[in-house]
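The file upload24.cif comes next; it holds mmCIF, C-alpha atoms.
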```cif
data_target
#
loop_
_atom_site.label_atom_id
_atom_site.label_comp_id
_atom_site.auth_asym_id
_atom_site.auth_seq_id
_atom_site.Cartn_x
_atom_site.Cartn_y
_atom_site.Cartn_z
CA MET V 24 0.00 0.00 0.00
CA ALA V 25 1.15 3.47 -0.78
CA HIS V 26 0.31 4.69 2.68
CA SER V 27 2.51 2.33 4.62
CA GLU V 28 5.60 4.11 3.37
CA GLU V 29 4.50 7.22 5.22
CA THR V 30 4.55 5.54 8.62
CA VAL V 31 6.20 7.85 11.10
CA HIS V 32 7.95 6.70 14.17
CA VAL V 33 6.50 8.34 17.27
CA ASN V 34 7.81 8.19 20.76
CA VAL V 35 4.76 7.59 22.97
CA LEU V 36 5.34 8.63 26.55
CA PRO V 37 3.67 6.89 29.51
CA PRO V 38 0.70 8.63 31.20
CA ASP V 39 1.60 11.33 33.68
CA ARG V 40 -0.15 9.82 36.73
CA GLU V 41 0.46 12.87 38.90
CA LYS V 42 -1.18 15.22 36.39
CA ILE V 43 -4.12 12.92 35.70
CA LYS V 44 -4.76 12.54 39.42
CA LYS V 45 -4.82 16.32 39.76
CA LEU V 46 -7.33 16.67 36.89
CA TRP V 47 -9.71 14.19 38.51
CA LYS V 48 -9.32 16.05 41.78
CA VAL V 49 -10.41 19.30 40.09
CA ALA V 50 -13.38 17.44 38.61
CA GLY V 51 -14.21 16.24 42.11
CA TYR V 52 -14.15 19.82 43.41
CA LEU V 53 -16.48 20.96 40.62
CA ALA V 54 -18.93 18.14 41.36
CA ALA V 55 -18.74 18.85 45.10
CA ILE V 56 -19.41 22.58 44.65
CA THR V 57 -22.39 21.77 42.42
CA ALA V 58 -23.69 19.42 45.13
CA VAL V 59 -23.35 22.21 47.71
CA GLU V 60 -25.26 24.55 45.38
CA PHE V 61 -28.08 22.02 45.33
CA ALA V 62 -28.01 21.79 49.09
CA VAL V 63 -28.27 25.58 49.36
CA ALA V 64 -31.09 25.63 46.81
CA PHE V 65 -33.20 23.25 48.91
CA LEU V 66 -32.10 23.84 52.48
CA VAL V 67 -31.76 27.61 52.70
CA PRO V 68 -35.28 29.10 52.80
CA HIS V 69 -36.36 31.41 50.00
CA HIS V 70 -36.90 34.48 52.19
CA LEU V 71 -33.13 34.63 52.79
CA LYS V 72 -32.83 35.74 49.20
CA ASP V 73 -29.59 37.73 49.53
CA LEU V 74 -27.79 34.90 51.29
CA ARG V 75 -28.89 32.44 48.61
CA VAL V 76 -27.96 34.66 45.68
CA TRP V 77 -24.53 35.60 47.04
CA THR V 78 -23.64 32.00 47.89
CA PHE V 79 -24.58 30.97 44.37
CA ILE V 80 -22.53 33.79 42.83
CA LEU V 81 -19.51 33.04 45.01
CA MET V 82 -19.61 29.33 44.17
CA THR V 83 -20.04 30.05 40.49
CA ILE V 84 -16.92 32.21 40.55
CA VAL V 85 -14.97 29.45 42.31
CA LYS V 86 -16.14 26.92 39.71
CA ALA V 87 -15.26 29.30 36.87
CA GLY V 88 -11.82 29.77 38.44
CA TYR V 89 -11.17 26.03 38.44
CA ILE V 90 -12.37 25.57 34.87
CA VAL V 91 -10.42 28.50 33.43
CA GLY V 92 -7.36 28.09 35.66
CA GLU V 93 -6.90 24.32 35.59
CA PHE V 94 -8.83 22.86 32.65
CA MET V 95 -8.04 25.71 30.29
CA HIS V 96 -4.59 25.95 31.84
CA LEU V 97 -4.70 29.74 32.06
CA ARG V 98 -3.12 29.77 35.52
CA TYR V 99 0.09 28.38 34.03
CA GLU V 100 0.24 30.60 30.96
CA ALA V 101 2.42 33.71 30.67
CA LYS V 102 1.26 36.53 32.94
CA VAL V 103 0.61 38.80 29.93
CA LEU V 104 -1.83 36.30 28.50
CA PHE V 105 -3.45 35.71 31.89
CA TRP V 106 -4.17 39.40 32.45
CA SER V 107 -5.14 40.09 28.82
CA ILE V 108 -8.01 37.68 29.34
CA LEU V 109 -8.97 38.66 32.89
CA ILE V 110 -8.80 42.46 32.80
CA PRO V 111 -11.40 42.91 30.01
CA MET V 112 -13.86 40.95 32.17
CA VAL V 113 -13.97 44.01 34.44
CA PHE V 114 -16.24 45.58 31.83
CA VAL V 115 -18.61 42.66 32.17
CA VAL V 116 -18.79 43.03 35.94
CA TRP V 117 -19.50 46.75 35.56
CA MET V 118 -22.14 46.10 32.92
CA LEU V 119 -23.80 43.54 35.19
CA VAL V 120 -23.91 45.89 38.17
CA ALA V 121 -25.16 48.82 36.07
CA PHE V 122 -27.89 46.88 34.29
CA VAL V 123 -29.24 45.04 37.30
CA TYR V 124 -29.36 48.33 39.21
CA GLU V 125 -31.20 49.84 36.25
CA GLY V 126 -33.64 46.92 36.29
CA ILE V 127 -34.41 47.45 39.97
CA GLN V 128 -35.07 51.14 39.28
CA ILE V 129 -37.44 50.22 36.44
CA SER V 130 -39.36 47.90 38.75
CA LEU V 131 -39.75 50.76 41.27
CA VAL V 132 -41.27 53.22 38.80
CA ARG V 133 -43.55 50.69 37.11
CA MET Y 20 28.68 52.55 11.44
CA ALA Y 21 29.96 49.16 12.29
CA SER Y 22 28.50 49.19 15.78
CA THR Y 23 24.94 49.23 14.45
CA THR Y 24 25.35 45.77 12.95
CA VAL Y 25 25.88 44.22 16.36
CA ALA Y 26 22.86 46.03 17.82
CA THR Y 27 20.78 43.85 20.09
CA GLN Y 28 17.88 41.98 18.58
CA SER Y 29 14.75 44.12 18.95
CA ALA Y 30 11.44 42.58 19.90
CA TRP Y 31 10.04 44.34 16.83
CA ASP Y 32 12.18 42.15 14.57
CA GLY Y 33 9.78 39.29 15.23
CA GLY Y 34 10.54 35.74 16.15
CA THR Y 35 9.57 36.16 19.78
CA SER Y 36 6.25 35.27 21.36
CA PRO Y 37 5.78 37.37 24.49
CA MET Y 38 2.61 35.55 25.42
CA GLY Y 39 4.33 32.19 25.19
CA ALA Y 40 1.52 30.71 23.13
CA SER Y 41 1.22 29.84 19.47
CA TYR Y 42 -0.74 32.07 17.11
CA GLY Y 43 -3.63 29.63 16.91
CA LYS Y 44 -3.95 29.21 20.64
CA LEU Y 45 -3.76 32.96 21.21
CA MET Y 46 -6.47 33.61 18.65
CA MET Y 47 -8.64 30.94 20.24
CA TRP Y 48 -8.25 32.74 23.57
CA PHE Y 49 -9.26 36.09 22.11
CA PHE Y 50 -12.16 34.56 20.23
CA LEU Y 51 -13.34 33.05 23.50
CA LEU Y 52 -13.02 36.43 25.19
CA SER Y 53 -15.29 37.97 22.55
CA ASP Y 54 -17.68 35.04 22.86
CA ALA Y 55 -17.71 35.60 26.62
CA PHE Y 56 -18.84 39.18 25.92
CA THR Y 57 -21.69 37.87 23.77
CA PHE Y 58 -22.88 35.49 26.45
CA SER Y 59 -22.45 38.16 29.11
CA ALA Y 60 -24.62 40.50 27.07
CA LEU Y 61 -27.37 37.88 26.93
CA LEU Y 62 -27.14 37.01 30.62
CA ILE Y 63 -26.94 40.64 31.73
CA THR Y 64 -29.97 41.58 29.63
CA TYR Y 65 -31.73 38.71 31.36
CA GLY Y 66 -30.61 40.18 34.70
CA LEU Y 67 -31.99 43.60 33.74
CA VAL Y 68 -35.36 42.30 32.59
CA ARG Y 69 -35.72 39.92 35.47
CA SER Y 70 -34.96 42.53 38.11
CA ALA Y 71 -37.41 44.90 36.40
CA HIS Y 72 -40.23 42.36 36.95
CA PRO Y 73 -42.10 41.97 40.23
CA VAL Y 74 -41.06 39.05 42.40
CA TYR Y 75 -43.32 36.42 43.91
CA ASN Y 76 -43.62 37.20 47.61
CA GLY Y 77 -45.92 34.45 48.88
CA GLU Y 78 -45.15 31.05 50.35
CA VAL Y 79 -43.03 28.85 48.11
CA ASP Y 80 -45.37 25.89 48.59
CA ALA Y 81 -48.34 27.94 47.46
CA PHE Y 82 -46.61 29.12 44.29
CA VAL Y 83 -48.65 29.17 41.09
CA PHE Y 84 -47.58 30.29 37.64
CA SER Y 85 -48.71 33.79 36.68
CA PRO Y 86 -47.68 36.40 34.12
CA GLN Y 87 -47.80 38.96 36.98
CA TYR Y 88 -44.46 37.97 38.50
CA TRP Y 89 -41.25 36.15 37.63
CA PRO Y 90 -41.52 32.40 38.33
CA ILE Y 91 -39.38 30.51 40.85
CA PRO Y 92 -37.11 28.46 38.53
CA GLU Y 93 -37.24 25.27 40.58
CA LYS Y 94 -41.02 25.27 40.13
CA VAL Y 95 -40.60 25.37 36.36
CA PHE Y 96 -37.81 22.86 35.91
CA GLU Y 97 -38.96 19.97 38.03
CA ALA Y 98 -39.51 17.11 35.62
CA VAL Y 99 -37.32 14.13 34.80
CA PRO Y 100 -37.78 11.98 31.68
CA PHE Y 101 -39.61 8.65 32.17
CA PHE Y 102 -40.71 9.67 35.69
CA HIS Y 103 -43.43 12.17 34.94
CA GLU Y 104 -45.20 11.74 38.25
CA TRP Y 105 -42.12 12.80 40.16
CA ASN Y 106 -41.71 16.26 41.49
CA ALA Y 107 -37.95 16.52 41.19
CA PRO Y 108 -36.92 20.17 41.04
CA LEU Y 109 -33.65 20.87 39.25
CA VAL Y 110 -32.65 17.20 39.25
CA PHE Y 111 -32.58 16.89 35.50
CA VAL Y 112 -30.60 20.09 35.03
CA GLY Y 113 -28.22 18.77 37.69
CA ILE Y 114 -27.67 15.66 35.60
CA MET Y 115 -26.98 17.86 32.56
CA THR Y 116 -24.44 19.87 34.55
CA PHE Y 117 -22.74 16.68 35.66
CA ILE Y 118 -22.57 15.37 32.07
CA LEU Y 119 -20.94 18.58 30.86
CA ILE Y 120 -18.38 18.63 33.69
CA MET Y 121 -17.48 15.00 32.95
CA SER Y 122 -17.03 15.70 29.26
CA SER Y 123 -14.75 18.58 30.21
CA VAL Y 124 -12.61 16.14 32.20
CA THR Y 125 -12.39 13.66 29.34
CA MET Y 126 -11.35 16.56 27.11
CA VAL Y 127 -8.44 17.51 29.38
CA LEU Y 128 -7.43 13.86 29.43
CA ALA Y 129 -7.40 13.90 25.61
CA VAL Y 130 -5.15 16.97 25.71
CA GLU Y 131 -2.87 15.25 28.20
CA ALA Y 132 -2.66 12.19 25.93
CA GLY Y 133 -1.84 14.50 23.03
CA HIS Y 134 1.15 15.91 24.91
CA ARG Y 135 2.44 12.35 25.17
CA MET Y 136 1.82 11.65 21.45
CA ASP Y 137 -0.42 8.76 22.54
CA ARG Y 138 -2.80 8.40 19.62
CA LYS Y 139 -4.86 5.56 21.10
CA ASP Y 140 -5.55 7.53 24.28
CA VAL Y 141 -6.45 10.69 22.38
CA GLU Y 142 -8.94 8.67 20.34
CA LYS Y 143 -10.44 7.10 23.44
CA TRP Y 144 -10.89 10.37 25.35
CA MET Y 145 -12.14 12.27 22.31
CA LEU Y 146 -14.82 9.63 21.82
CA TRP Y 147 -15.92 9.99 25.45
CA THR Y 148 -16.02 13.77 25.04
CA ILE Y 149 -18.14 13.51 21.90
CA LEU Y 150 -20.45 11.10 23.69
CA GLY Y 151 -20.81 13.55 26.60
CA GLY Y 152 -21.65 16.35 24.18
CA ILE Y 153 -24.29 14.28 22.43
CA ALA Y 154 -25.75 13.20 25.78
CA PHE Y 155 -26.01 16.86 26.85
CA LEU Y 156 -27.69 17.86 23.58
CA SER Y 157 -30.17 15.00 23.92
CA CYS Y 158 -31.03 16.12 27.44
CA GLN Y 159 -31.52 19.64 26.20
CA ALA Y 160 -33.76 18.45 23.39
CA TRP Y 161 -35.92 16.71 25.97
CA GLU Y 162 -35.94 19.74 28.24
CA TRP Y 163 -36.97 22.03 25.40
CA ALA Y 164 -39.71 19.64 24.30
CA HIS Y 165 -41.02 19.50 27.86
CA PHE Y 166 -40.83 23.28 28.25
CA ILE Y 167 -42.65 23.86 24.96
CA HIS Y 168 -45.37 21.28 25.54
CA GLY Y 169 -45.97 22.33 29.11
CA THR Y 170 -47.39 20.75 32.23
CA ASP Y 171 -50.92 20.49 33.60
CA VAL Y 172 -53.05 23.61 33.26
CA ALA Y 173 -54.22 23.45 36.87
CA LYS Y 174 -51.05 25.20 37.99
CA ASN Y 175 -51.95 28.44 36.25
CA ALA Y 176 -53.18 31.19 38.58
CA GLU Y 177 -55.52 33.21 36.34
CA GLY Y 178 -57.32 30.20 35.01
CA HIS Y 179 -56.23 31.04 31.48
CA VAL Y 180 -55.75 28.07 29.26
CA ARG Y 181 -52.10 28.53 28.55
CA ILE Y 182 -50.21 25.34 28.11
CA GLY Y 183 -46.51 25.20 27.38
CA ALA Y 184 -44.38 27.97 26.02
CA SER Y 185 -43.51 29.77 22.82
CA LEU Y 186 -41.89 33.09 22.01
CA ILE Y 187 -45.19 34.95 22.43
CA SER Y 188 -46.86 33.27 25.35
CA ASN Y 189 -46.10 30.81 28.10
CA GLN Y 190 -47.72 29.13 31.04
CA TYR Y 191 -44.81 29.71 33.42
CA GLY Y 192 -44.87 33.47 33.81
CA PRO Y 193 -44.06 36.68 31.94
CA ARG Y 194 -43.48 36.36 28.23
CA ASP Y 195 -39.83 37.41 28.67
CA PHE Y 196 -39.15 34.38 30.83
CA ALA Y 197 -39.67 31.92 27.98
CA ASP Y 198 -37.91 34.22 25.49
CA PHE Y 199 -34.77 34.31 27.60
CA PHE Y 200 -34.94 30.59 28.19
CA PHE Y 201 -35.03 29.94 24.45
CA PHE Y 202 -32.37 32.49 23.57
CA ILE Y 203 -29.83 31.75 26.28
CA THR Y 204 -30.04 27.98 26.47
CA GLY Y 205 -30.49 27.90 22.69
CA PHE Y 206 -27.38 29.94 22.04
CA HIS Y 207 -25.46 27.78 24.48
CA GLY Y 208 -26.85 24.60 22.95
CA PHE Y 209 -25.75 25.79 19.54
CA HIS Y 210 -22.24 26.21 20.94
CA VAL Y 211 -22.36 22.68 22.30
CA PHE Y 212 -23.50 21.46 18.90
CA SER Y 213 -20.66 23.19 17.07
CA GLY Y 214 -18.30 21.92 19.78
CA VAL Y 215 -19.39 18.35 19.09
CA CYS Y 216 -18.79 18.91 15.36
CA LEU Y 217 -15.30 20.30 16.03
CA ASN Y 218 -14.55 17.46 18.43
CA PHE Y 219 -15.58 14.97 15.80
CA LEU Y 220 -13.31 16.64 13.26
CA ILE Y 221 -10.40 16.39 15.69
CA TYR Y 222 -11.22 12.76 16.40
CA TYR Y 223 -11.32 12.02 12.67
CA ASN Y 224 -7.96 13.71 12.08
CA THR Y 225 -6.45 11.84 15.00
CA VAL Y 226 -7.65 8.51 13.64
CA MET Y 227 -6.28 9.42 10.21
CA GLY Y 228 -2.90 10.14 11.81
CA VAL Y 229 -2.84 13.79 10.75
CA TYR Y 230 -1.45 15.03 14.07
CA GLU Y 231 0.97 12.14 14.39
CA ARG Y 232 2.51 13.15 11.08
CA ARG Y 233 2.43 16.81 12.08
CA GLY Y 234 4.38 15.93 15.20
CA HIS Y 235 2.06 17.57 17.73
CA TYR Y 236 -1.54 17.52 18.94
CA GLU Y 237 -2.03 21.24 19.41
CA MET Y 238 -5.36 21.17 17.57
CA VAL Y 239 -6.74 19.02 20.39
CA GLU Y 240 -5.66 21.70 22.83
CA LYS Y 241 -7.26 24.52 20.84
CA VAL Y 242 -10.58 22.79 20.41
CA GLY Y 243 -10.28 21.73 24.05
CA LEU Y 244 -10.21 25.41 25.03
CA TYR Y 245 -13.45 25.93 23.15
CA TRP Y 246 -15.04 22.91 24.77
CA HIS Y 247 -14.12 24.04 28.28
CA PHE Y 248 -15.51 27.47 27.49
CA VAL Y 249 -18.85 25.89 26.62
CA ASP Y 250 -18.77 24.14 30.00
CA LEU Y 251 -17.87 27.44 31.65
CA VAL Y 252 -20.84 29.22 30.10
CA TRP Y 253 -23.13 26.46 31.31
CA VAL Y 254 -21.89 27.01 34.86
CA PHE Y 255 -23.13 30.59 34.62
CA VAL Y 256 -26.39 29.70 32.87
CA PHE Y 257 -27.03 27.06 35.53
CA THR Y 258 -26.56 29.58 38.34
CA PHE Y 259 -28.39 32.55 36.88
CA PHE Y 260 -31.20 30.79 35.10
CA TYR Y 261 -31.91 27.75 37.28
CA LEU Y 262 -30.67 28.46 40.78
CA VAL Y 263 -31.07 32.17 41.50
#
```
How would this structure read if it were set down as structure tokens?
Amino acid sequence: MAHSEETVHVNVLPPDREKIKKLWKVAGYLAAITAVEFAVAFLVPHHLKDLRVWTFILMTIVKAGYIVGEFMHLRYEAKVLFWSILIPMVFVVWMLVAFVYEGIQISLVR
Amino acid sequence: MASTTVATQSAWDGGTSPMGASYGKLMMWFFLLSDAFTFSALLITYGLVRSAHPVYNGEVDAFVFSPQYWPIPEKVFEAVPFFHEWNAPLVFVGIMTFILIMSSVTMVLAVEAGHRMDRKDVEKWMLWTILGGIAFLSCQAWEWAHFIHGTDVAKNAEGHVRIGASLISNQYGPRDFADFFFFITGFHGFHVFSGVCLNFLIYYNTVMGVYERRGHYEMVEKVGLYWHFVDLVWVFVFTFFYLV
């Protein structure tokens, strides 16, 4: 066959057990945080709205940190790349605060 | 002058990569940043409209659907396929979240295998990732079908016959509620769908030995970034649409 001539010799390395263990650990954290979110959703009564919302937001940020930092490897990239991605997100936070505030004002004048 | 010829190499002469990442990976990062803006815009608009609507102030147990106030999400998403009699708030969406997190893990494992030039392992983990993506999409298809077809009419406060949801009317609450559900989860689902397509392309190339001949599996890494981003967006959708 014509293709067999193209066979390249590759040097396959053994699995990096340490790294794989760490990845599963991160997955465990993500699953655990999600489980806690469920617990909060059902155990913390609805009239404690602020407590519920802020716990959810905090846990979401922690989860996002693990996904971006570990899975997407951003934590280990060059600092310039790290900050080029993170700093623009400040605009998003500002936009969120401004718009939700605006929404509350709309509900007051309705 | 002779001294100018030995001038130090300027960064402007090229050949250096200050961000320590290849062109493709860098561009993937900046694409994802712009995509994050798009999703943020959708979620923030949702935040604006939701906070502009009145909230339900009564007892949670006595909650009924009404267009007068924003619904409590766990009262809307409480069904699980094959167990229609169950009242299982957020369980199904929890399963979906779990599926997506798992497929993110199998993706990192594929990337790890790529670093080791281990074609068999890359194939194995890419297949698991594709399977996870398809499982998530199937769940979403069911959830959409359930949302559109609706539940029993008895739960509606005003006694209007309003079953299920569309872009113009829905049984669960204000019209905007269903609109945002369709737009946000739909836009995310479309990302999952294109992610599955890209993953399949990568799997195909791996099987065909393209990356082995190229000498590296960086494409797996780049598409992996995209796949994790889709998982990341779901984390936010899950919090702001289903939990809060």
Answer key for the PyMOL selection byres ((chain V) within 6 of (chain Y)), residues as JSON, numbers by chain: {"V": [35, 36, 76, 95, 101, 103, 104, 119, 122, 123, 126, 127, 129, 130]}
Long-range neighbours of Arg75 (chain V) as a list of chain:residue names, 10 Å cut-off, all atoms listed in the file, 2 positions minimum in chain: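 What passes the distance filter is V:Glu60, V:Val63, V:Ala64, V:Leu66, V:Val67, V:Pro68, V:His69, V:His70, V:Leu71, V:Lys72, V:Asp73, V:Trp77, V:Thr78, V:Phe79, V:Ile80, Y:Leu262, Y:Val263.
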Coordinates-based distance that separates CA of Cys158 (chain Y) from CA of Pro100 (chain Y) (Å, one decimal):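 That distance, rounded to one decimal, is 9.0 Å.
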Separation of CA of Asp80 (chain Y) from CA of Phe61 (chain V) in Å: 18.0 Å
Computed interatomic separation between CA of Glu142 (chain Y) and CA of Phe94 (chain V) (Å): 18.8 Å
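In this comparison, which uses all atoms listed in the file, the residue of V:Ile43, V:Met118, V:Val132, V:Val49 approaching Ala87 (chain V) most closely is V:Val49.
For the set Y:Leu146, Y:Leu61, Y:Val95, Y:Leu119, the residue with the smallest atom-to-atom gap to Leu220 (chain Y) is Y:Leu146, counting all atoms listed in the file.
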